[in-house]
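Report on one structure; see the data block that follows.
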Amino acid sequence: MLATIIVHELKNILFSPKFSVTVAVASVLLLLSVVAGIGQYRAAAAQYETTTQLVQQEMREARGWMALTNKVLRRPDPMQIFVSGVANDVGRLSGVNAFQAVKLSHSTFSDDPVYAVFRFIDLSFIVAVVFSLLAVLFTYDAVNGEKERGTLQLTFANAVPRAQYILGKFAGAWLGLVLPLLVPMLLSLLLLAVTAVPMTAEEWGRTVLLFGGAVLYVTVFVALGILLSTLTPRSSASFLYALVLWVCAVFIVPRAGTTLAGHLVPVPTVAETEARRDAFAKDRWAQYEAQMQSRWKERNAPLEGMTKEEREAYRDEKMWEWMEQDDQDRKQVQTDIDEQARRLTEELRNRRMEQERLAFTLSRLSPASSFQLAAMNLAGTDIALKTRYEDALNGYRTLFNEYKEKKAKESGNSGGFRIEVNSDTGVKIDAGRERGVLDLTGMPQFTHPSPSAAETMRSAFIDLGLLGLFSLAAFAGAFVRFLRYDVR
């Protein structure tokens with residue numbers, strides 16, 4: 001009996017006049033999004049290679065070691081073909097040197113604002129919006145539609161258990177909607193293989209989990225549609241309720257949760273944090289300059305009463321010691337500025353994380369938010385992408401600056417200017433090495449960060465588990481309600 005009910009429901013969906021058109025359009029959209037994603041990834045990868053080579057050339061032609069500045073470009077991830085997440089919002093480039101804090105800039109949307117107006121449509125968006133709407137449209141009248149047509153009363157004129165009937169309805173609707181969803185997903189995997197997109201075994205595994213999450217998400221709306229069809233006696237009413245519920249779940253609740261969290265947990269702006277950091281740096285350098293002026297007065301005091309030859313001999317004797325002391329003080333100033341910047345960044349990050357946790361908690365009342373967060377975590381394009389890269393860049397900045405200082409001492413070429421005043425030859429300005437090629441052998445290379453498999457699974461399984469709970473709760477509600485449903 002259960003198999004008969006499942007086949008009956010499956011035929012109702014597959015032979016529906018609206019099925020072929022809607023599913024075909026949705027499938028084409030999904031495949032086109034993957035094709036567009038592959039093209040964008042190829043373009044980003046080519047830009048990454050070109051920019052990296054230009055940066056290497058610029059570094060080799062730097063005026064000196066202390067003038068050397070590196071630029072790190074964020075490497076494109078093939079997983080963003082399916083889920084762009086925040087990858088296009090986060091900056092792609094950051095300078096690395098001793099005098100500027102690490103900051104990612106030149107995001108895709110800042111460089112090409114037109115894409116910010118018309119956002120990229122990826123697989124996660126199509127599943128979250130289009131396929132969830134299809135699930136609602138094909139299930140809102142699963143029970144009350146049968147009642148209006150009179151087939152429900154005829155069915156229960158026979159000895160049909162209600163539990164088997166509602167279970168068969170759910171299973172048939174699920175198969176009728178999930179199987180068409182799997183076809184374009186499998187074709188998208190074939191596209192990746194044909195176009196030779198470089199994917200690791202772990203990334204293939206995460207892609208399969210992403211598709212599993214999409215199936216689980218559609219299951220939620222299948223169960224919700226059947227639940228609404230048991231709660232209302234007429235299909236016209238259940239259609240209206242289903243549409244309102246879909247709009248709230250997909251669009252309103254995620255944004256309302258984020259907006260509410262922004263009001264409950266205010267976070268200082270980046271401009272305010274940078275202003276505090278710049279004010280501290282300005283004050284610290286002013287202290288350093290005042291200290292240097294006072295120190296040079298003390299150093300020049302013993303020169304009074306000396307002859308010209310004695311002054312030159314005294315300066316030659318003390319100059320290296322003075323330079324070492326001044327250099328240590330300068331480094332201490334830079335260390336203090338870096339430490340203050342680190343504290344301010346950590347303070348801003350902690351406050352922002354508190355706001356994000358509240359926003360995600362509130363928005364997870366919607367299955368659409370749970371699916372989107374799970375998809376972003378699996379793809380590695382989640383909101384922590386910026387933090388991961390900035391932490392890695394800060395660590396690399398320390399190694400890079402140590403390498404520069406070591407090379408500058410070994411070569412005796414810091415890249416600075418030397419001014420010599422002579423009564424016979426006049427003023428001579430030595431800029432050191434004008435142009436040439438630096439030997440960058442041994443320079444530390446930046447390691448692009450990526451979340452561990454355990455971290456990714458832990459974050460994703462929270463939201464996948466919520467999708468499972470939503471599905472069970474909706475089906476349990478439909479099951480309990482149908483046990484008392486008036487079939488007449």
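Ligands are numbered from 1 in the order shown, chains are lettered A, B, ... in the order of the structure tokens, and residues start at 1 in each chain.
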
Subject >> Residue neighbourhood region 477-482 of chain A, 9 Å, only C-alpha atoms, exclusion window fewer than 5 positions, as a list in words >> reply: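 Those residues are Val143, Arg162, Ala163, Ile166, Leu167, Ala223, Leu224, Ile226, Leu227, Leu228, Ser229, Thr230, Leu231 and Leu472 of chain A.
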
Original post:
Contacts of Thr232 (chain A) at 10 Å or less, counting only C-alpha atoms, minus same-chain residues fewer than 6 places along, as a ChimeraX atom specification?
Top reply: /A:140-141,143-144,238-239,241,485

Restricting it to C-alpha atoms, dump the selection as a CSV table (one decimal), in the first residue's frame.
```
chain,number,residue,atom,x,y,z
A,140,TYR,CA,1.0,23.1,-0.7
A,141,ASP,CA,-2.1,21.2,-1.8
A,143,VAL,CA,-3.6,16.8,1.2
A,144,ASN,CA,-6.3,19.5,1.0
A,238,SER,CA,-2.6,27.0,2.1
A,239,PHE,CA,-1.1,28.5,-1.1
A,241,TYR,CA,0.1,30.8,3.8
A,485,TYR,CA,-7.7,15.4,9.7
```

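Going from CA of Asp486 (chain A) to CA of Phe470 (chain A) covers 25.6 Å.
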
Original post:
Could you pull the residues within 9 Å of Tyr389 (chain A), counting only C-alpha atoms, minus those fewer than 3 positions along the same chain, as a PyMOL selection string?
Top reply: chain A and resi 74+104+384-386+392-394+448-450

**OP:** Skip region 361-367 of chain A itself and residues of its chain fewer than 4 positions away, then list as a list in words all residues within 6 Å of it, counting only C-alpha atoms.
**Re:** Ala249, Val253, Pro254 and Gly257 of chain A

Let's have the selection written as an mmCIF file, in the first residue's frame, with C-alpha atoms.
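Written output follows (out-v3.cif):
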```
data_model
loop_
_atom_site.group_PDB
_atom_site.id
_atom_site.type_symbol
_atom_site.label_atom_id
_atom_site.label_comp_id
_atom_site.auth_asym_id
_atom_site.auth_seq_id
_atom_site.Cartn_x
_atom_site.Cartn_y
_atom_site.Cartn_z
ATOM 1 C CA ALA A 249 11.907 32.169 5.753
ATOM 2 C CA VAL A 253 14.118 36.389 8.842
ATOM 3 C CA PRO A 254 17.811 36.237 7.776
ATOM 4 C CA GLY A 257 18.176 38.728 12.509
#
```

Subject >> Exercise: region 180-190 of chain A partners within 8 Å, only C-alpha atoms, chain neighbours under 4 positions left out, as a list in words >> reply: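 Counting only C-alpha atoms, the residues come to Val23, Ser27, Val28, Leu30, Leu31, Val34, Phe131, Gly176, Val194, Phe211 and Val215 of chain A.
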
Original post:
Do you have the CA of Gly380 (chain A)-CA of His263 (chain A) distance handy?
Top reply: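 Between CA of Gly380 (chain A) and CA of His263 (chain A) the gap works out to 27.9 Å.
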